[in-house]
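The file input-v1.txt contains compact mmCIF, C-alpha atoms:
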# COMPACT_ATOMS: atom_id res chain seq x y z
CA MET A 1 -44.61 49.35 35.22
CA ARG A 2 -40.90 49.87 34.72
CA ARG A 3 -38.81 50.73 37.70
CA ARG A 4 -35.16 51.56 38.19
CA GLN A 5 -32.86 49.08 36.59
CA GLY A 6 -31.05 48.48 39.84
CA SER A 7 -27.45 47.53 39.58
CA ALA A 8 -27.49 48.05 35.83
CA ALA A 9 -28.26 51.73 36.24
CA THR A 10 -25.59 52.16 38.88
CA GLY A 11 -22.98 51.14 36.36
CA ASP A 12 -23.81 53.69 33.68
CA ALA A 13 -21.17 56.18 34.79
CA ALA A 14 -18.55 53.45 34.90
CA VAL A 15 -19.51 52.32 31.40
CA ILE A 16 -19.27 55.85 30.07
CA GLU A 17 -15.96 56.41 31.77
CA SER A 18 -14.55 53.20 30.32
CA SER A 19 -15.86 54.23 26.89
CA TRP A 20 -13.47 57.20 27.01
CA ARG A 21 -10.58 54.87 26.34
CA GLU A 22 -12.56 51.96 24.91
CA PRO A 23 -15.36 53.48 22.82
CA GLU A 24 -16.78 50.02 22.11
CA ARG A 25 -17.99 49.90 25.67
CA PHE A 26 -20.60 52.51 24.82
CA ALA A 27 -22.61 49.78 23.11
CA VAL A 28 -23.38 48.48 26.60
CA LEU A 29 -25.30 51.65 27.28
CA PHE A 30 -27.26 51.18 24.06
CA ASP A 31 -28.25 47.62 24.91
CA ARG A 32 -29.21 48.69 28.38
CA HIS A 33 -31.40 51.68 27.59
CA ALA A 34 -32.26 51.77 23.89
CA PRO A 35 -35.49 49.74 24.18
CA HIS A 36 -37.00 52.15 26.70
CA ILE A 37 -35.74 55.24 24.91
CA HIS A 38 -37.24 53.86 21.70
CA ARG A 39 -40.58 53.23 23.36
CA TYR A 40 -40.58 56.76 24.77
CA LEU A 41 -39.84 58.18 21.34
CA ALA A 42 -42.44 55.95 19.71
CA ARG A 43 -45.10 57.16 22.11
CA ARG A 44 -44.25 60.73 21.34
CA ALA A 45 -43.40 60.78 17.67
CA GLY A 46 -44.54 57.45 16.26
CA ARG A 47 -42.63 54.25 15.63
CA GLU A 48 -41.19 55.20 12.27
CA VAL A 49 -39.70 58.43 13.55
CA ALA A 50 -38.58 56.66 16.73
CA ASP A 51 -36.41 54.25 14.74
CA ASP A 52 -34.39 57.19 13.49
CA LEU A 53 -34.47 59.25 16.67
CA VAL A 54 -33.23 56.48 18.92
CA ALA A 55 -30.17 56.16 16.70
CA GLU A 56 -29.69 59.92 16.78
CA THR A 57 -30.04 59.94 20.56
CA PHE A 58 -27.20 57.48 21.06
CA LEU A 59 -25.03 59.09 18.40
CA VAL A 60 -25.35 62.43 20.18
CA ALA A 61 -24.71 60.76 23.52
CA PHE A 62 -21.63 58.99 22.16
CA ALA A 63 -20.27 62.24 20.76
CA LYS A 64 -20.78 64.00 24.08
CA ARG A 65 -19.75 61.18 26.39
CA ASP A 66 -16.57 62.97 27.42
CA ARG A 67 -18.69 65.68 29.02
CA TYR A 68 -20.80 63.30 31.07
CA ASP A 69 -20.75 64.05 34.78
CA LEU A 70 -19.43 60.83 36.30
CA GLY A 71 -21.00 61.80 39.59
CA ARG A 72 -24.32 60.75 38.05
CA ALA A 73 -24.48 56.98 38.22
CA ASP A 74 -27.72 56.66 36.24
CA ALA A 75 -27.48 57.88 32.64
CA ARG A 76 -31.21 57.68 31.93
CA PRO A 77 -31.96 61.37 32.64
CA TRP A 78 -29.11 62.34 30.33
CA LEU A 79 -30.38 60.06 27.57
CA TYR A 80 -34.01 61.12 28.00
CA GLY A 81 -32.86 64.73 27.89
CA ILE A 82 -31.15 64.17 24.54
CA ALA A 83 -34.15 62.23 23.23
CA THR A 84 -36.53 64.97 24.35
CA ASN A 85 -34.43 67.62 22.63
CA LEU A 86 -34.58 65.57 19.45
CA VAL A 87 -38.34 65.24 19.76
CA GLY A 88 -38.33 69.02 19.95
CA GLN A 89 -37.01 69.08 16.42
CA HIS A 90 -39.95 66.95 15.35
CA ARG A 91 -42.77 68.86 17.03
CA ARG A 92 -44.91 68.64 13.94
CA ASP A 93 -44.50 64.88 13.84
CA GLU A 94 -45.38 64.67 17.49
CA VAL A 95 -48.52 66.79 17.31
CA ARG A 96 -49.54 64.96 14.13
CA GLN A 97 -49.10 61.73 16.05
CA TYR A 98 -51.53 62.90 18.74
CA ARG A 99 -54.03 64.06 16.11
CA ILE A 100 -53.85 60.70 14.37
CA ARG A 101 -54.50 58.91 17.63
CA GLN A 102 -57.33 61.26 18.36
CA ALA A 103 -58.91 60.68 14.96
CA ALA A 104 -58.37 56.93 15.10
CA ALA A 105 -59.92 56.72 18.53
CA ALA A 106 -62.89 58.85 17.62
CA ASP A 107 -64.31 56.32 15.19
CA PRO A 108 -63.83 52.86 16.68
CA GLU A 109 -65.07 49.89 14.75
CA VAL A 110 -65.10 47.12 17.28
CA PRO A 111 -67.13 44.09 16.43
CA GLY A 112 -67.99 41.54 19.07
CA HIS A 113 -69.77 41.16 22.34
CA ALA A 114 -71.69 44.21 23.56
CA GLU A 115 -69.82 44.58 26.88
CA ARG A 116 -66.46 44.27 25.21
CA VAL A 117 -67.50 46.76 22.60
CA ALA A 118 -68.55 49.20 25.31
CA ALA A 119 -65.26 48.77 27.13
CA ASP A 120 -63.27 49.27 23.96
CA VAL A 121 -65.25 52.34 23.04
CA THR A 122 -64.60 53.79 26.48
CA ALA A 123 -60.89 53.12 26.19
CA GLN A 124 -60.83 54.60 22.71
CA ALA A 125 -62.63 57.70 23.88
CA THR A 126 -60.14 58.08 26.70
CA ARG A 127 -57.25 57.79 24.27
CA ALA A 128 -58.80 60.47 22.11
CA LEU A 129 -59.25 62.76 25.08
CA LEU A 130 -55.70 62.28 26.25
CA ALA A 131 -54.32 62.77 22.76
CA GLU A 132 -56.26 66.00 22.45
CA ALA A 133 -55.10 67.14 25.87
CA LEU A 134 -51.46 66.42 25.07
CA ALA A 135 -51.68 68.20 21.75
CA THR A 136 -52.89 71.36 23.46
CA LEU A 137 -50.00 71.51 25.94
CA SER A 138 -46.97 73.68 25.37
CA ALA A 139 -43.85 71.77 24.43
CA GLY A 140 -42.12 72.44 27.74
CA ASP A 141 -45.11 71.40 29.82
CA ARG A 142 -45.58 68.27 27.73
CA ASP A 143 -41.92 67.29 28.13
CA VAL A 144 -42.17 67.42 31.89
CA LEU A 145 -45.54 65.69 32.10
CA LEU A 146 -44.54 62.78 29.88
CA LEU A 147 -41.13 62.21 31.40
CA ILE A 148 -42.79 61.89 34.78
CA ALA A 149 -45.99 60.10 33.80
CA TRP A 150 -44.57 57.76 31.17
CA GLU A 151 -40.94 57.31 32.04
CA GLN A 152 -41.36 57.75 35.78
CA LEU A 153 -38.42 60.07 36.21
CA THR A 154 -38.25 61.96 39.48
CA TYR A 155 -38.44 65.75 39.62
CA GLU A 156 -34.68 65.91 40.10
CA GLU A 157 -34.08 63.61 37.14
CA VAL A 158 -36.37 65.67 34.91
CA SER A 159 -34.56 68.76 36.12
CA ARG A 160 -31.27 67.27 34.97
CA ALA A 161 -32.71 65.90 31.74
CA LEU A 162 -34.14 69.21 30.63
CA ALA A 163 -31.56 71.43 32.35
CA ILE A 164 -34.20 73.39 34.22
CA PRO A 165 -34.62 74.06 37.95
CA VAL A 166 -36.67 71.64 40.03
CA GLY A 167 -39.06 74.47 40.82
CA THR A 168 -39.73 74.90 37.11
CA VAL A 169 -40.37 71.17 36.81
CA ARG A 170 -42.97 71.41 39.56
CA SER A 171 -44.70 74.44 38.07
CA ARG A 172 -44.73 72.97 34.56
CA LEU A 173 -46.13 69.70 35.84
CA HIS A 174 -48.82 71.47 37.79
CA ARG A 175 -49.77 73.56 34.77
CA ALA A 176 -49.80 70.52 32.49
CA ARG A 177 -51.92 68.44 34.84
CA THR A 178 -54.38 71.29 35.24
CA LYS A 179 -54.71 71.69 31.49
CA VAL A 180 -55.16 67.96 30.95
CA ARG A 181 -57.86 67.84 33.59
CA GLU A 182 -59.59 70.80 31.98
CA VAL A 183 -59.55 69.20 28.54
CA LEU A 184 -60.74 65.89 29.88
CA ALA A 185 -63.55 67.44 31.85
CA GLY A 186 -64.55 70.11 29.37
CA THR A 187 -65.42 67.99 26.36
CA ASP A 188 -68.52 66.13 25.31
CA ALA A 189 -66.76 62.96 26.22
CA GLY A 190 -66.18 64.28 29.68
CA ALA A 191 -68.78 61.90 30.99
CA THR A 192 -66.61 59.05 29.78
CA TYR A 193 -63.69 60.48 31.66
CA GLU A 194 -65.75 60.98 34.79
CA GLU A 195 -66.98 57.43 34.43
CA LEU A 196 -63.43 56.18 34.20
CA MET A 197 -62.45 58.22 37.22
CA THR A 198 -65.20 56.71 39.32
CA ASN A 199 -65.08 53.15 37.99
CA GLU A 200 -61.35 52.57 38.28
CA MET B 1 -57.52 57.07 39.04
CA ASN B 2 -56.14 60.53 38.25
CA GLU B 3 -54.83 61.82 34.96
CA MET B 4 -51.26 60.70 35.73
CA GLU B 5 -52.32 57.14 36.34
CA LEU B 6 -54.49 57.27 33.25
CA LEU B 7 -51.52 58.40 31.19
CA ARG B 8 -49.36 55.62 32.63
CA LYS B 9 -52.00 53.01 31.99
CA LEU B 10 -52.44 53.98 28.37
CA ALA B 11 -48.69 54.29 27.90
CA GLN B 12 -48.29 50.67 28.88
CA GLU B 13 -50.16 49.75 25.73
CA THR B 14 -47.04 50.65 23.77
CA PRO B 15 -44.79 47.59 23.85
CA LEU B 16 -41.02 47.64 23.96
CA PRO B 17 -39.54 47.31 20.48
CA ALA B 18 -38.42 43.93 19.21
CA PRO B 19 -34.62 43.54 19.04
CA ALA B 20 -34.81 43.61 15.26
CA GLU B 21 -36.32 47.10 15.38
CA LEU B 22 -33.18 48.37 17.09
CA GLU B 23 -30.71 46.70 14.78
CA GLU B 24 -30.39 49.64 12.43
CA ALA B 25 -29.86 52.12 15.25
CA ARG B 26 -27.32 49.79 16.83
CA ALA B 27 -25.49 49.43 13.55
CA ARG B 28 -25.29 53.21 13.19
CA LEU B 29 -23.86 53.52 16.67
CA LEU B 30 -21.30 50.79 16.02
CA ALA B 31 -20.27 52.54 12.82
CA ALA B 32 -19.75 55.77 14.77
CA ILE B 33 -17.75 53.87 17.38
CA ALA B 34 -15.58 52.31 14.71
CA ALA B 35 -14.94 55.74 13.21
CA ASP B 36 -13.99 57.24 16.57
CA PRO B 37 -10.27 58.03 16.75
CA ALA B 38 -10.03 56.59 20.23
CA THR B 39 -11.31 53.20 19.19
CA SER B 40 -8.73 50.60 20.04
CA ALA B 41 -10.73 47.45 19.39
CA THR B 42 -8.53 45.90 16.77
CA SER B 43 -8.21 42.33 17.85
CA ALA B 44 -10.59 39.44 17.86
CA THR B 45 -10.18 39.22 21.60
CA SER B 46 -11.34 42.76 22.04
CA ALA B 47 -14.28 42.33 19.68
CA ARG B 48 -15.35 39.20 21.49
CA SER B 49 -15.14 40.89 24.87
CA VAL B 50 -17.31 43.74 23.62
CA ALA B 51 -19.89 41.35 22.23
CA GLU B 52 -19.96 39.52 25.53
CA ALA B 53 -20.20 42.74 27.47
CA THR B 54 -23.09 44.02 25.41
CA THR B 55 -25.16 40.86 25.40
CA GLY B 56 -24.01 38.89 28.41
CA GLN B 57 -23.58 35.91 26.12
CA PRO B 58 -20.63 34.41 24.29
CA ASP B 59 -20.04 35.90 20.90
CA SER B 60 -21.20 32.85 18.99
CA SER B 61 -24.70 33.06 20.45
CA SER B 62 -25.06 36.79 20.85
CA GLY B 63 -26.94 37.49 17.66
CA HIS B 64 -24.61 40.44 17.08
CA PRO B 65 -21.78 39.29 14.84
CA ALA B 66 -18.51 41.00 15.46
CA GLU B 67 -18.14 44.19 13.45
CA PRO B 68 -15.41 44.39 10.83
CA LEU B 69 -12.21 45.29 12.58
CA ARG B 70 -10.29 48.41 11.77
CA PRO B 71 -6.55 48.69 11.35
CA PRO B 72 -4.66 49.26 14.58
CA ALA B 73 -5.23 52.72 15.94
CA PRO B 74 -2.96 54.52 18.36
CA VAL B 75 -4.03 54.08 21.94
CA PRO B 76 -4.97 57.43 23.50
CA LEU B 77 -2.67 58.53 26.29
CA ARG B 78 -5.52 59.94 28.33
CA PRO B 79 -9.33 60.07 28.41
CA PRO B 80 -11.14 63.11 27.03
CA ALA B 81 -11.40 65.87 29.61
CA PRO B 82 -14.90 66.14 31.14
CA ALA B 83 -16.87 69.38 31.23
CA PRO B 84 -15.63 70.58 34.66
CA VAL B 85 -11.99 70.24 33.63
CA LEU B 86 -12.67 72.07 30.38
CA ALA B 87 -14.44 74.76 32.38
CA ALA B 88 -11.45 74.99 34.74
CA ALA B 89 -9.15 75.45 31.74
CA ARG B 90 -11.42 78.18 30.43
CA PHE B 91 -11.29 79.88 33.81
CA MET B 92 -7.51 79.72 33.65
CA TYR B 93 -7.42 81.22 30.19
CA GLY B 94 -9.70 83.94 31.54
CA GLY B 95 -7.27 84.38 34.41
CA ALA B 96 -4.45 84.84 31.92
CA ILE B 97 -6.41 87.52 30.10
CA SER B 98 -7.34 89.37 33.27
CA SER B 99 -3.72 89.10 34.45
CA ALA B 100 -2.63 90.75 31.22
CA ALA B 101 -5.15 93.51 31.77
CA LEU B 102 -3.99 93.86 35.35
CA LEU B 103 -0.41 94.18 34.17
CA ILE B 104 -1.36 96.95 31.79
CA VAL B 105 -3.28 98.97 34.36
CA ALA B 106 -0.66 98.35 37.06
CA LEU B 107 2.38 99.43 35.05
CA PRO B 108 1.87 103.16 35.60
CA PHE B 109 2.04 102.53 39.33
CA ALA B 110 5.31 100.62 39.28
CA GLY B 111 8.40 102.14 40.82
CA ASP B 112 8.98 105.36 42.69
CA VAL B 113 6.78 108.35 42.11
CA LYS B 114 8.45 111.34 40.49
CA GLY B 115 5.61 113.02 38.64
CA SER B 116 2.30 112.45 36.94
CA VAL B 117 0.68 112.69 33.51
CA LEU B 118 -3.08 112.61 33.02
CA GLY B 119 -3.45 111.46 36.57
CA TYR B 120 -1.04 108.53 36.21
CA ARG B 121 2.17 108.62 38.17
CA LEU B 122 5.35 108.21 36.16
CA THR B 123 7.97 105.56 36.84
CA PRO B 124 11.52 106.73 36.46
CA SER B 125 13.30 103.39 36.39
CA PRO B 126 13.26 101.29 33.23
CA LEU B 127 14.58 98.41 35.30
CA THR B 128 11.53 98.52 37.55
CA ILE B 129 9.21 98.51 34.58
CA THR B 130 11.11 95.64 33.03
CA LEU B 131 10.93 93.58 36.19
CA VAL B 132 7.22 94.24 36.68
CA THR B 133 6.57 93.38 33.05
CA LEU B 134 8.55 90.16 33.26
CA ALA B 135 6.77 89.17 36.44
CA GLY B 136 3.41 89.85 34.79
CA LEU B 137 4.34 87.84 31.72
CA ALA B 138 5.53 84.97 33.91
CA LEU B 139 2.20 85.03 35.70
CA ILE B 140 0.35 84.87 32.37
CA GLY B 141 2.57 82.01 31.28
CA LEU B 142 1.85 80.21 34.54
CA TRP B 143 -1.90 80.46 33.92
CA LEU B 144 -1.52 79.05 30.41
CA TRP B 145 0.86 76.30 31.49
CA LEU B 146 -1.43 75.13 34.28
CA ALA B 147 -4.48 75.26 31.98
CA ARG B 148 -2.71 73.00 29.52
CA ALA B 149 -1.41 70.62 32.17
CA THR B 150 -4.77 70.22 33.90
CA SER B 151 -6.47 69.62 30.55
CA GLN B 152 -3.99 66.78 30.06
CA GLY B 153 -5.01 65.21 33.35
CA ARG B 154 -1.85 66.08 35.30
CA ASN B 155 -2.79 65.81 38.92
CA TRP B 156 0.25 67.76 40.09
CA ALA B 157 -1.05 70.71 38.08
CA ARG B 158 -4.33 70.51 39.93
CA ILE B 159 -2.54 70.50 43.28
CA LEU B 160 -0.16 73.28 42.24
CA SER B 161 -3.09 75.36 41.01
CA THR B 162 -4.81 74.98 44.34
CA VAL B 163 -1.71 75.91 46.32
CA LEU B 164 -1.03 78.94 44.14
CA PHE B 165 -4.62 80.03 44.49
CA GLY B 166 -4.28 79.86 48.27
CA LEU B 167 -1.11 81.97 48.14
CA ALA B 168 -2.74 84.42 45.74
CA THR B 169 -5.66 84.79 48.14
CA LEU B 170 -3.31 85.62 51.01
CA GLU B 171 -1.41 88.06 48.83
CA LEU B 172 -4.61 89.72 47.69
CA LEU B 173 -5.82 90.12 51.26
CA SER B 174 -2.53 91.64 52.34
CA SER B 175 -2.43 94.14 49.48
CA LEU B 176 -6.06 95.19 49.44
CA GLU B 177 -5.26 98.65 50.74
CA ALA B 178 -2.56 99.30 48.16
CA ILE B 179 -4.75 98.06 45.33
CA GLY B 180 -7.55 100.31 46.49
CA LYS B 181 -5.29 103.31 46.33
CA ASN B 182 -4.22 102.52 42.78
CA GLY B 183 -7.61 102.94 41.25
CA VAL B 184 -10.80 101.12 40.37
CA ALA B 185 -9.42 99.46 37.27
CA GLN B 186 -6.62 97.72 39.13
CA ALA B 187 -8.96 96.59 41.88
CA PHE B 188 -11.42 95.31 39.28
CA PHE B 189 -8.87 93.24 37.39
CA ALA B 190 -7.27 91.97 40.58
CA GLY B 191 -10.68 90.78 41.73
CA LEU B 192 -11.44 89.29 38.34
CA THR B 193 -8.16 87.39 38.35
CA TRP B 194 -8.86 86.04 41.81
CA LEU B 195 -12.38 84.98 40.78
CA SER B 196 -10.90 83.17 37.78
CA GLY B 197 -8.68 81.24 40.14
CA LEU B 198 -11.58 80.46 42.43
CA GLY B 199 -13.66 79.16 39.53
CA ALA B 200 -10.79 77.06 38.22
CA VAL B 201 -10.03 75.47 41.59
CA TRP B 202 -13.71 74.77 42.20
CA MET B 203 -14.04 73.02 38.87
CA LEU B 204 -10.82 71.08 39.30
CA TRP B 205 -12.15 69.39 42.43
CA ARG B 206 -15.56 68.38 41.11
CA PRO B 207 -16.26 64.61 41.22
CA ALA B 208 -16.06 64.30 37.45
CA SER B 209 -12.69 66.07 37.48
CA SER B 210 -11.32 63.78 40.18
CA ALA B 211 -12.44 60.75 38.18
CA PHE B 212 -10.74 62.17 35.10
CA PHE B 213 -7.42 62.79 36.87
CA GLU B 214 -7.55 59.30 38.35
CA SER B 215 -8.29 57.73 34.96
CA ALA B 216 -5.53 59.73 33.30
CA LYS B 217 -3.11 58.60 35.97
CA GLN B 218 -4.08 54.95 35.51
CA MET B 219 -3.76 55.18 31.74
CA ARG B 220 -0.30 56.69 31.99
CA SER B 221 0.78 53.90 34.30
CA ARG B 222 -0.35 51.18 31.86
CA PRO B 223 1.91 49.65 29.21
CA PRO B 224 1.57 51.74 26.05
CA SER B 225 1.08 48.78 23.73
CA ARG B 226 -2.53 47.98 24.48
CA ILE B 227 -5.37 48.59 26.86
CA SER B 228 -6.98 45.57 28.40
CA GLY B 229 -10.63 44.69 27.76
CA PRO B 230 -13.44 44.77 30.31
Hey, can you dump this file as structure tokens for me?
Amino acid sequence: MRRRQGSAATGDAAVIESSWREPERFAVLFDRHAPHIHRYLARRAGREVADDLVAETFLVAFAKRDRYDLGRADARPWLYGIATNLVGQHRRDEVRQYRIRQAAAADPEVPGHAERVAADVTAQATRALLAEALATLSAGDRDVLLLIAWEQLTYEEVSRALAIPVGTVRSRLHRARTKVREVLAGTDAGATYEELMTNE
Amino acid sequence: MNEMELLRKLAQETPLPAPAELEEARARLLAAIAADPATSATSATSARSVAEATTGQPDSSSGHPAEPLRPPAPVPLRPPAPAPVLAAARFMYGGAISSAALLIVALPFAGDVKGSVLGYRLTPSPLTITLVTLAGLALIGLWLWLARATSQGRNWARILSTVLFGLATLELLSSLEAIGKNGVAQAFFAGLTWLSGLGAVWMLWRPASSAFFESAKQMRSRPPSRISGP
């Protein structure tokens, strides 16, 4: 599980400020955050699209660096906000990505020992359920849910990333979690989900 | 395990990308940096320091060869203004516009009262009108001058703006009664002008603005020939 990048994150504002007069310094921000931004984008839109979007994210950030609020030491919410906006321009790719995962998980071909096969099938079924649940969410609800669940941003950070009030973050998260629970519990594979809930 | 933990657990199955997967994106960013007008990295020393800063390793072992260097570019005299400073400048331009409007609606009330047309009192003295007009134009010029100076990172302009706003507030409070007598339009534009000043002063003292004025001051105090590396 990734956590705050400690002293590295505290220096983001200083790096951005120095990049105002020495643009080369902005590459520090790329090396610091690009891997995680790429992984976030890959989860949402697929690896191929992520390769392009991570570049776009940092190009946009570089172009807008003069407007960065230096009072914010950690630039991750800003970068995730840009990345999420870019994902918004690839909604079809994103939903297709979830459908592909759902389809791939629905028909597992796992040779081997019976127990391992059972475990893999369970995991695959869970992936399919989650993919289906995510695909049914509205874009705004999905943005909030994934920034919190996957990237572990706080409510305040999501609020800054998406430029929405913290109260909206809370309500969107609540709505998203409710919908995900409903999808997970309301399908034929719900038993698998319930099993996971009780076994873990 | 709830749905959030389940999401996190499955998300961990996606590994971080290999460095090679980010090379193309990094190259695109470096190309944009090289094309930026503010780029001043024109020496091998500067390129090496950047490579070291971005990898934490000496250039020879960084895996990121130094990018082709561009011809010398002029060193910027100041950093780009951040959003709060730009907003403050916009407030000041708004103040200039509302001051112009205030001048127009206030002119009929200038000077001694000798008669009225369509409800507006006439002013008999061309000198009075001229003086009021000149004062109004000077005020508009002051707004524009301060907007330009603050956008350039001049800290004295920020301080002067704040002081003038304080004086304008006192003046507004002392003339509230007179403004009220002169009609809704004048009161409206006087209030709008004051609000523009309030917005500008608020923005000028935001943390990002303070950092900008400090950076601009430091850059002006440096030798103009080159800016040192990290």
field: Interatomic distance, atom CA of B:Ala27 to atom CA of A:Gly88 (Å, one decimal)
entry: 24.3 Å
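Atom CA of B:Ala87 lies 10.9 Å from atom CA of B:Arg206.
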message: Neighbouring residues of stretch 67-83 of chain A were defined as those with any atom within 8 Å, considering all atoms listed in the file; residues of the same chain fewer than 5 positions away were excluded. Please report them as a count of residues only.
response: 30
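Using all atoms listed in the file, the smallest distance between any of A:Trp150, A:Tyr40, A:Leu184, A:Leu134 and chain B comes from A:Trp150.
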Would you compute an axis-aligned box for stretch 12-22 of chain B, covering every atom listed for it in the file with 8 Å of margin on each side, and report centre and edge lengths in Å to one decimal as AutoDock Vina command-line options?
--center_x -41.7 --center_y 47.1 --center_z 22.1 --size_x 33.0 --size_y 23.1 --size_z 29.6
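Between atom CA of B:Asn155 and atom CA of B:Leu170 lies a distance of 23.2 Å.
Nearest residue to chain A, choosing from B:Leu29, B:Trp194, B:Ala20, B:Ser161 and counting all atoms listed in the file: B:Leu29.
Of the listed residues A:Tyr155, A:Glu182, A:Thr84, A:Ala135, the one whose atoms come nearest to chain B is A:Glu182, with distances taken using all atoms listed in the file.
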message: Around the point (-38.1, 45.5, 18.9) (coordinates from the file), which residues reach within 10 Å if we count all atoms listed in the file? Answer as a list in words.
response: Ala34, Pro35, His38, Arg39 and Asp51 of chain A; Pro15, Leu16, Pro17, Ala18, Pro19, Ala20, Glu21, Leu22 and Glu23 of chain B
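Using all atoms listed in the file, the nearest neighbour of chain A within the list B:Glu13, B:Ala88, B:Ala216, B:Ala38 is B:Ala38.
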Missing atoms in stretch 185-204 of chain B: fill them in up to N, CA and C atoms and send the result as a PDB file, in the coordinates of the input.
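Final output, saved to result15.pdb:
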ATOM      1  N   ALA B 185      -9.741 100.429  38.306  1.00  0.00           N
ATOM      2  CA  ALA B 185      -9.420  99.460  37.270  1.00  0.00           C
ATOM      3  C   ALA B 185      -8.527  98.344  37.820  1.00  0.00           C
ATOM      4  N   GLN B 186      -7.536  98.732  38.592  1.00  0.00           N
ATOM      5  CA  GLN B 186      -6.620  97.720  39.130  1.00  0.00           C
ATOM      6  C   GLN B 186      -7.352  96.799  40.110  1.00  0.00           C
ATOM      7  N   ALA B 187      -8.196  97.405  40.937  1.00  0.00           N
ATOM      8  CA  ALA B 187      -8.960  96.590  41.880  1.00  0.00           C
ATOM      9  C   ALA B 187      -9.890  95.636  41.144  1.00  0.00           C
ATOM     10  N   PHE B 188     -10.489  96.142  40.060  1.00  0.00           N
ATOM     11  CA  PHE B 188     -11.420  95.310  39.280  1.00  0.00           C
ATOM     12  C   PHE B 188     -10.694  94.093  38.685  1.00  0.00           C
ATOM     13  N   PHE B 189      -9.556  94.347  38.045  1.00  0.00           N
ATOM     14  CA  PHE B 189      -8.870  93.240  37.390  1.00  0.00           C
ATOM     15  C   PHE B 189      -8.216  92.291  38.402  1.00  0.00           C
ATOM     16  N   ALA B 190      -7.800  92.849  39.532  1.00  0.00           N
ATOM     17  CA  ALA B 190      -7.270  91.970  40.580  1.00  0.00           C
ATOM     18  C   ALA B 190      -8.369  91.044  41.084  1.00  0.00           C
ATOM     19  N   GLY B 191      -9.552  91.600  41.283  1.00  0.00           N
ATOM     20  CA  GLY B 191     -10.680  90.780  41.730  1.00  0.00           C
ATOM     21  C   GLY B 191     -11.083  89.758  40.677  1.00  0.00           C
ATOM     22  N   LEU B 192     -11.067  90.200  39.426  1.00  0.00           N
ATOM     23  CA  LEU B 192     -11.440  89.290  38.340  1.00  0.00           C
ATOM     24  C   LEU B 192     -10.454  88.127  38.239  1.00  0.00           C
ATOM     25  N   THR B 193      -9.174  88.435  38.406  1.00  0.00           N
ATOM     26  CA  THR B 193      -8.160  87.390  38.350  1.00  0.00           C
ATOM     27  C   THR B 193      -8.357  86.391  39.491  1.00  0.00           C
ATOM     28  N   TRP B 194      -8.646  86.932  40.669  1.00  0.00           N
ATOM     29  CA  TRP B 194      -8.860  86.040  41.810  1.00  0.00           C
ATOM     30  C   TRP B 194     -10.099  85.159  41.580  1.00  0.00           C
ATOM     31  N   LEU B 195     -11.160  85.755  41.047  1.00  0.00           N
ATOM     32  CA  LEU B 195     -12.380  84.980  40.780  1.00  0.00           C
ATOM     33  C   LEU B 195     -12.123  83.890  39.749  1.00  0.00           C
ATOM     34  N   SER B 196     -11.257  84.196  38.770  1.00  0.00           N
ATOM     35  CA  SER B 196     -10.900  83.170  37.780  1.00  0.00           C
ATOM     36  C   SER B 196     -10.235  81.994  38.472  1.00  0.00           C
ATOM     37  N   GLY B 197      -9.348  82.312  39.395  1.00  0.00           N
ATOM     38  CA  GLY B 197      -8.680  81.240  40.140  1.00  0.00           C
ATOM     39  C   GLY B 197      -9.655  80.438  40.971  1.00  0.00           C
ATOM     40  N   LEU B 198     -10.580  81.140  41.605  1.00  0.00           N
ATOM     41  CA  LEU B 198     -11.580  80.460  42.430  1.00  0.00           C
ATOM     42  C   LEU B 198     -12.418  79.492  41.568  1.00  0.00           C
ATOM     43  N   GLY B 199     -12.861  80.002  40.420  1.00  0.00           N
ATOM     44  CA  GLY B 199     -13.660  79.160  39.530  1.00  0.00           C
ATOM     45  C   GLY B 199     -12.871  77.944  39.052  1.00  0.00           C
ATOM     46  N   ALA B 200     -11.616  78.164  38.717  1.00  0.00           N
ATOM     47  CA  ALA B 200     -10.790  77.060  38.220  1.00  0.00           C
ATOM     48  C   ALA B 200     -10.596  75.997  39.305  1.00  0.00           C
ATOM     49  N   VAL B 201     -10.267  76.443  40.507  1.00  0.00           N
ATOM     50  CA  VAL B 201     -10.030  75.470  41.590  1.00  0.00           C
ATOM     51  C   VAL B 201     -11.314  74.718  41.923  1.00  0.00           C
ATOM     52  N   TRP B 202     -12.430  75.426  41.931  1.00  0.00           N
ATOM     53  CA  TRP B 202     -13.710  74.770  42.200  1.00  0.00           C
ATOM     54  C   TRP B 202     -13.981  73.673  41.166  1.00  0.00           C
ATOM     55  N   MET B 203     -13.783  74.000  39.921  1.00  0.00           N
ATOM     56  CA  MET B 203     -14.040  73.020  38.870  1.00  0.00           C
ATOM     57  C   MET B 203     -13.059  71.849  38.913  1.00  0.00           C
ATOM     58  N   LEU B 204     -11.835  72.137  39.292  1.00  0.00           N
ATOM     59  CA  LEU B 204     -10.820  71.080  39.300  1.00  0.00           C
ATOM     60  C   LEU B 204     -11.082  70.020  40.370  1.00  0.00           C
TER      61      LEU B 204
END
